[in-house]
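A quick write-up on the structure given underneath.
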Amino acid sequence: MSNYSIETKCIQSGWTPTKGEPRILPIYQSTTFKYDTSEQMGDLFDLKASGYFYTRLQNPTNDFVAAKICDMEGGAAAMLTSSGQAANFYSVFNIANAGDHIIISSALYGGTFNLLTITIKEMGIETTVVDPEISLEDLRKEFKENTKCVLAESISNPSLVVLDFEKFATAAHEAGVPLIVDNTFPTPVNCRPFEYGVDIVTHSTTKYMDGHAVSVGGCIVDSGNFDWTKYPDKFPGLCYPDESYHGTTYTKEFGKAAYIVKATTTLMRDLGSIQSPQNAFYVNLGLETLHLRMQRHCENALAVAKWLKTQDKVAWVNYPGLEGDAYYERAKKYMPNGTCGVLTFGIKGGREASIKFMDALKLVAIVTHVADTRSCVLHPASHTHRQMTDEQLLEAGVKPDLIRFSVGIENVNDIIADLEQAFKEI
C-alpha cells in the first residue's frame with residue numbers, strides 16, 4: 001500500500017482479506033501448522049518454500065502486523081519480537097558476533113544501554129559509547145576494522161535528544177556498516193528514519209504502537225537499502241553459506257529480505273523471543289488509531305510544557321516540540337509533524353522535591369511505563385536507570401532531578417490541574 005498516506009496505512013496495511021475471509025485480522029492461536037506430506041514440511045525447513053510450521057519462528061498474525069509496520073516505515077521486510085529489548089538485541093546480534101565491535105549513542109534507554117555495554121560484552125562484543133552531539137570528524141575516528149553497526153534512538157528515552165540522522169548515517173556508511181535507530185518515541189507517524197539514511201529501525205511496540213499498556217512486544221524493520229554484498233567478509237552470516245540451513249546464502253536467496261530472514265531462521269529459531277499472536281493482535285488494534293493518538297499526545301505535551309515553563313517551582317523543561325528547546329530546530333527538520341508525548345522537567349529542590357511532587361499526584365500515575373493513553377510519570381535516576389552510575393546518568397542526559405512525564409490523551413486541563421495541586425504540596 002505504498003501509495004497511501006500513513007493514516008490509511010495505520011488501518012489498512014498488513015491484513016488484506018479477500019472473498020470470504022474475516023475482515024478483522026484473526027488470532028492464529030496455534031503452535032503448529034498441518035501439512036499433507038513430509039516433503040512439504042521438509043521444503044519449509046530447507047527454506048525452499050514459504051509457510052508456517054511452528055509459531056516460535058513465525059506466525060501469520062505476527063507476520064501481518066509486521067507487514068503493516070514495515071509498510072508504515074517504508075521498509076522491505078520486518079519481524080516482531082517479544083519485546084523492544086529483544087528487538088534491539090536481535091538487530092545487533094544478527095550481524096555482530098564475538099570479537100566484533102559496535103558503536104552506540106550515550107543517549108539511550110537505560111535497559112538498552114546496559115544490554116549493549118555490559119551483557120553483550122559477556123558475549124565477546126566490544127562497545128564504544130559516543131555523545132550524540134559528537135562531531136562528524138570525531139565520530140569517524142571511533143570506527144574500527146571490526147565495527148559492525150551503529151545504534152542510536154531517534155528521540156532518546158528519557159533525555160529527549162533528537163538524533164542527527166544524516167551525520168550518523170554518513171559516518172556509518174563511510175565505514176561500510178548500517179545505522180540502526182530505535183524509533184519508538186516518534187513512531188513512523190512522526191518520523192521516517194529511512195528517508196534520512198537509516199538502514200534498520202527497531203520499535204518497542206509496547207509503547208505508542210500498542211498505546212494502551214496491554215501487551216509487551218518489539219519489531220525490527222529493514223529498509224532493504226544497505227548492500228551487504230559490498231562487504232561480504234564483514235557480514236559473512238549474510239553473504240556466505242549458512243551450514244545450519246543447508247548452505248543457504250541469505251543475500252543470494254532472499255535479496256532485500258536477507259537480514260530479516262536470517263534473524264528469523266537463526267536468532268528466533270535458537271533464542272525464541274517471539275511475540276505472542278494475542279499480543280500482536282492488540283498491537284494491530286493500537287496501530288489503527290496511532291495517527292489520531294499521536295496528534296493528541298503531541299498537542300497535550302506541548303500545552304503542558306508551555307505551562308510548566310511558567311511555574312516558579314520548575315527548574316527546567318525539555319521538550320523537542322517546544323520553541324527554544326535545544327533540539328527544536330532539529331525536530332522540525334526530521335519530525336515536522338510533531339515529536340512525541342514525552343517531556344522531562346526538574347523541580348527546584350532536587351531529587352527529594354521531585355519525589356515528593358510525584359507522590360502528590362492523583363490523576364497522573366507513577367508507573368514503570370511510558371507512551372500510552374494515560375498520563376504517567378517516572379523518576380529515571382531512582383527507577384529505570386538506577387543501575388547506572390552518576391557519571392553514566394549524566395552521559396545519558398539523565399539529571400538527578402529529572403522527571404519523565406508521559407503526557408496522555410486525557411483533557412489537558414485536567415492534567416494541568418493535577419500538576420498544579422501537586423505543586424502546592426512541595
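Chain labels run A, B, ... following the order of the C-alpha cells; each chain numbers its residues from 1, and ligands are numbered from 1 in the order shown.
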Could you list, as a tab-separated table (two decimals) with N, CA and C atoms, in the first residue's frame, every residue within 8 Å of A:Asp372, counting only C-alpha atoms and ignoring same-chain residues fewer than 5 positions away?
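Final output, out-v9.tsv:
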```
chain	number	residue	atom	x	y	z
A	207	LYS	N	4.94	0.50	23.52
A	207	LYS	CA	4.67	1.91	23.78
A	207	LYS	C	3.54	2.43	22.90
A	208	TYR	N	3.77	3.46	22.12
A	208	TYR	CA	2.69	4.11	21.39
A	208	TYR	C	1.96	3.19	20.42
A	210	ASP	N	1.12	-0.04	20.61
A	210	ASP	CA	0.03	-0.65	21.37
A	210	ASP	C	-0.85	0.48	21.92
A	211	GLY	N	-0.22	1.36	22.68
A	211	GLY	CA	-0.88	2.58	23.12
A	211	GLY	C	-1.81	2.45	24.30
A	212	HIS	N	-2.02	1.23	24.79
A	212	HIS	CA	-2.98	1.04	25.88
A	212	HIS	C	-2.41	0.23	27.03
A	213	ALA	N	-1.10	-0.04	27.00
A	213	ALA	CA	-0.40	-0.73	28.08
A	213	ALA	C	-0.96	-2.12	28.35
A	406	SER	N	5.11	11.28	30.71
A	406	SER	CA	4.44	10.81	29.51
A	406	SER	C	3.02	11.37	29.53
A	408	GLY	N	-0.61	11.92	28.52
A	408	GLY	CA	-1.63	11.09	27.88
A	408	GLY	C	-2.57	11.89	27.00
```
Legend entry - DSSP-assigned strand (DSSP E) among stretch 42-181 of chain A, expressed as an NGL selection string: :A and (77-81 or 101-105 or 126-130 or 147-153 or 179-181)
Convert the current residue selection to file output with N, CA and C atoms, as a compact mmCIF listing (two decimals), in the first residue's frame.
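This is the output file result30.txt:
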```txt
# COMPACT_ATOMS: atom_id res chain seq x y z
N ALA A 77 11.32 -5.44 4.71
CA ALA A 77 10.93 -6.64 5.46
C ALA A 77 10.96 -6.32 6.94
N ALA A 78 10.16 -7.07 7.72
CA ALA A 78 10.08 -6.81 9.16
C ALA A 78 9.72 -8.07 9.91
N MET A 79 10.00 -8.06 11.21
CA MET A 79 9.63 -9.17 12.08
C MET A 79 9.27 -8.64 13.45
N LEU A 80 8.36 -9.33 14.13
CA LEU A 80 8.02 -8.99 15.50
C LEU A 80 8.88 -9.78 16.47
N THR A 81 9.11 -9.20 17.64
CA THR A 81 9.83 -9.88 18.72
C THR A 81 9.02 -9.77 20.00
N HIS A 101 32.87 -5.33 17.07
CA HIS A 101 32.78 -4.04 17.75
C HIS A 101 31.56 -3.29 17.25
N ILE A 102 30.87 -2.57 18.15
CA ILE A 102 29.74 -1.74 17.76
C ILE A 102 29.89 -0.36 18.38
N ILE A 103 29.20 0.61 17.83
CA ILE A 103 29.17 1.98 18.35
C ILE A 103 27.74 2.32 18.72
N ILE A 104 27.56 2.90 19.90
CA ILE A 104 26.22 3.30 20.32
C ILE A 104 26.24 4.74 20.84
N SER A 105 25.08 5.37 20.77
CA SER A 105 24.92 6.70 21.36
C SER A 105 24.81 6.57 22.87
N GLU A 126 32.61 -5.84 21.73
CA GLU A 126 33.11 -4.61 22.32
C GLU A 126 32.22 -3.44 21.90
N THR A 127 31.97 -2.51 22.83
CA THR A 127 31.10 -1.37 22.55
C THR A 127 31.82 -0.06 22.84
N THR A 128 31.71 0.87 21.91
CA THR A 128 32.18 2.23 22.11
C THR A 128 30.97 3.14 22.24
N VAL A 129 30.94 3.93 23.30
CA VAL A 129 29.83 4.85 23.56
C VAL A 129 30.25 6.25 23.14
N VAL A 130 29.40 6.91 22.34
CA VAL A 130 29.71 8.25 21.87
C VAL A 130 28.59 9.22 22.24
N THR A 147 34.19 -3.07 13.35
CA THR A 147 32.91 -2.42 13.67
C THR A 147 31.82 -2.97 12.76
N LYS A 148 30.68 -3.34 13.33
CA LYS A 148 29.61 -3.95 12.55
C LYS A 148 28.35 -3.10 12.43
N CYS A 149 28.15 -2.14 13.33
CA CYS A 149 26.96 -1.32 13.22
C CYS A 149 27.04 -0.14 14.19
N VAL A 150 26.14 0.80 13.99
CA VAL A 150 25.95 1.93 14.90
C VAL A 150 24.50 1.91 15.33
N LEU A 151 24.24 2.14 16.62
CA LEU A 151 22.87 2.14 17.12
C LEU A 151 22.59 3.38 17.96
N ALA A 152 21.42 3.99 17.72
CA ALA A 152 21.00 5.17 18.47
C ALA A 152 19.48 5.20 18.52
N GLU A 153 18.94 6.21 19.20
CA GLU A 153 17.48 6.39 19.27
C GLU A 153 17.10 7.66 18.55
N LEU A 179 23.34 1.79 9.95
CA LEU A 179 22.88 2.58 11.09
C LEU A 179 21.54 2.02 11.53
N ILE A 180 21.47 1.64 12.81
CA ILE A 180 20.24 1.11 13.41
C ILE A 180 19.67 2.17 14.34
N VAL A 181 18.39 2.48 14.20
CA VAL A 181 17.77 3.50 15.04
C VAL A 181 16.48 2.97 15.67
```
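The list of residues with at least one atom within 9 Å of A:Pro193, based on only C-alpha atoms and without residues fewer than 3 positions apart in the same chain, reads Glu73, Ser154, Phe165, Val181, Asn183, Pro188, Tyr196, Gly197, Val198, Asp199, Ile200, Val201 and Tyr334 of chain A.
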I want to know what sits within 12 Å of A:Ala303, based on only C-alpha atoms, with residues of the same chain fewer than 6 positions away left out; could you give that as a JSON list (two decimals) with C-alpha atoms, in the first residue's frame?
```json
[["chain", "number", "residue", "atom", "x", "y", "z"],
["A", 296, "ARG", "CA", -3.33, 14.38, 20.67],
["A", 297, "HIS", "CA", -0.25, 13.27, 22.63],
["A", 309, "LYS", "CA", 7.76, 26.84, 31.85],
["A", 310, "THR", "CA", 5.64, 29.42, 33.71],
["A", 319, "TYR", "CA", 10.51, 19.05, 25.08],
["A", 321, "GLY", "CA", 8.45, 20.36, 20.22],
["A", 322, "LEU", "CA", 8.79, 23.45, 22.41],
["A", 323, "GLU", "CA", 10.20, 26.51, 20.70],
["A", 341, "GLY", "CA", 4.05, 12.94, 24.10],
["A", 342, "VAL", "CA", 7.02, 12.62, 26.45],
["A", 343, "LEU", "CA", 8.65, 15.59, 28.15],
["A", 407, "VAL", "CA", 1.50, 13.07, 28.71],
["A", 408, "GLY", "CA", -1.63, 11.09, 27.88],
["A", 409, "ILE", "CA", -4.67, 11.92, 25.80],
["A", 411, "ASN", "CA", -8.36, 16.50, 28.72],
["A", 412, "VAL", "CA", -5.28, 18.68, 29.04],
["A", 413, "ASN", "CA", -6.95, 20.98, 31.57],
["A", 414, "ASP", "CA", -7.43, 18.02, 33.92],
["A", 415, "ILE", "CA", -3.78, 17.05, 33.51],
["A", 416, "ILE", "CA", -2.57, 20.55, 34.32]]
```
Legend entry - Who sits within 10 Å of A:Gly255, only C-alpha atoms, same chain under 2 positions skipped, as a list in words: Ala76, Gly224, Asp227, Trp228, Thr229, Thr249, Tyr250, Thr251, Lys252, Glu253, Ala257, Ala258, Tyr259 and Val261 of chain A
Inset, instruction - Using only C-alpha atoms, pick whichever of A:Lys306, A:Lys356, A:Lys399, A:Lys34 has the shortest atom-to-atom distance to A:Pro380. - result: A:Lys399
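Proximity to A:Asp233 was assessed for A:Phe89, A:Thr61, A:Gly176, A:Trp15 counting only C-alpha atoms; the smallest distance is recorded for A:Gly176.
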Inset, instruction - Excluding A:Asp71 and any residue of its chain fewer than 2 positions from it, enumerate the residues within 10 Å of it, using only C-alpha atoms, and give them as a ChimeraX atom specification. - result: /A:1-2,4,6,9-10,13-14,65-69,73-78,188,221
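Reported to one decimal place, the separation of atom CA of A:Pro400 from atom CA of A:Gly350 is 7.0 Å.
In this comparison, which uses only C-alpha atoms, the residue of A:Asn97, A:Phe226, A:Phe168, A:Phe423 approaching A:Asp131 most closely is A:Phe168.
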Inset, instruction - Would you mind reading off the distance between atom CA of A:Phe64 and atom CA of A:Leu25, one decimal, in Å? - result: 8.1 Å
Legend entry - All residues 6 Å or closer to A:Asn190, only C-alpha atoms, same chain fewer than 3 positions away omitted, as an MDAnalysis selection string: chainID A and resid 186:187 335 337:338
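Between A:Ser375 and the candidates A:Asn300, A:Asn59, A:Asn3, A:Thr119, the tightest atom-to-atom separation, counting only C-alpha atoms, involves A:Asn300.
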Inset, instruction - Enumerate the residues of stretch 84-165 of chain A with a DSSP assignment of alpha helix (DSSP H), computed from the backbone, and present them as an NGL selection string. - result: :A and (84-93 or 110-114 or 136-140 or 165)
Resulting file, chosen residues, C-alpha atoms, as a JSON list (two decimals), in the first residue's frame:
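The new file selection06.json reads:
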```
[["chain", "number", "residue", "atom", "x", "y", "z"],
["A", 84, "GLY", "CA", 11.59, -3.88, 22.33],
["A", 85, "GLN", "CA", 14.64, -5.07, 24.24],
["A", 86, "ALA", "CA", 14.66, -8.27, 22.20],
["A", 87, "ALA", "CA", 14.32, -6.23, 19.00],
["A", 88, "ASN", "CA", 17.39, -4.15, 19.84],
["A", 89, "PHE", "CA", 19.38, -7.23, 20.82],
["A", 90, "TYR", "CA", 18.44, -9.15, 17.67],
["A", 91, "SER", "CA", 19.14, -6.14, 15.45],
["A", 92, "VAL", "CA", 22.75, -6.07, 16.65],
["A", 93, "PHE", "CA", 23.42, -9.76, 17.27],
["A", 110, "GLY", "CA", 18.86, 2.57, 30.45],
["A", 111, "GLY", "CA", 17.94, -1.02, 29.70],
["A", 112, "THR", "CA", 19.32, -0.78, 26.16],
["A", 113, "PHE", "CA", 22.48, 0.90, 27.43],
["A", 114, "ASN", "CA", 23.00, -1.90, 29.94],
["A", 136, "LEU", "CA", 31.32, 14.01, 12.26],
["A", 137, "GLU", "CA", 35.11, 14.20, 12.24],
["A", 138, "ASP", "CA", 35.42, 12.71, 15.72],
["A", 139, "LEU", "CA", 32.72, 10.12, 15.04],
["A", 140, "ARG", "CA", 34.70, 8.82, 12.07],
["A", 165, "PHE", "CA", 20.30, 11.06, 11.42]]
```
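Minimum distance to A:Gln12 across A:Thr265, A:Pro158, A:Leu115, A:Thr289 (counting only C-alpha atoms) occurs at A:Thr289.
Distances to A:Ala371 were evaluated for A:Met72, A:Met209, A:Leu116, A:Ile125 using only C-alpha atoms, and the minimum falls at A:Met209.
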Inset, instruction - State, in Å with one decimal place, the distance from atom CA of A:Arg293 to atom CA of A:Thr339. - result: 12.3 Å
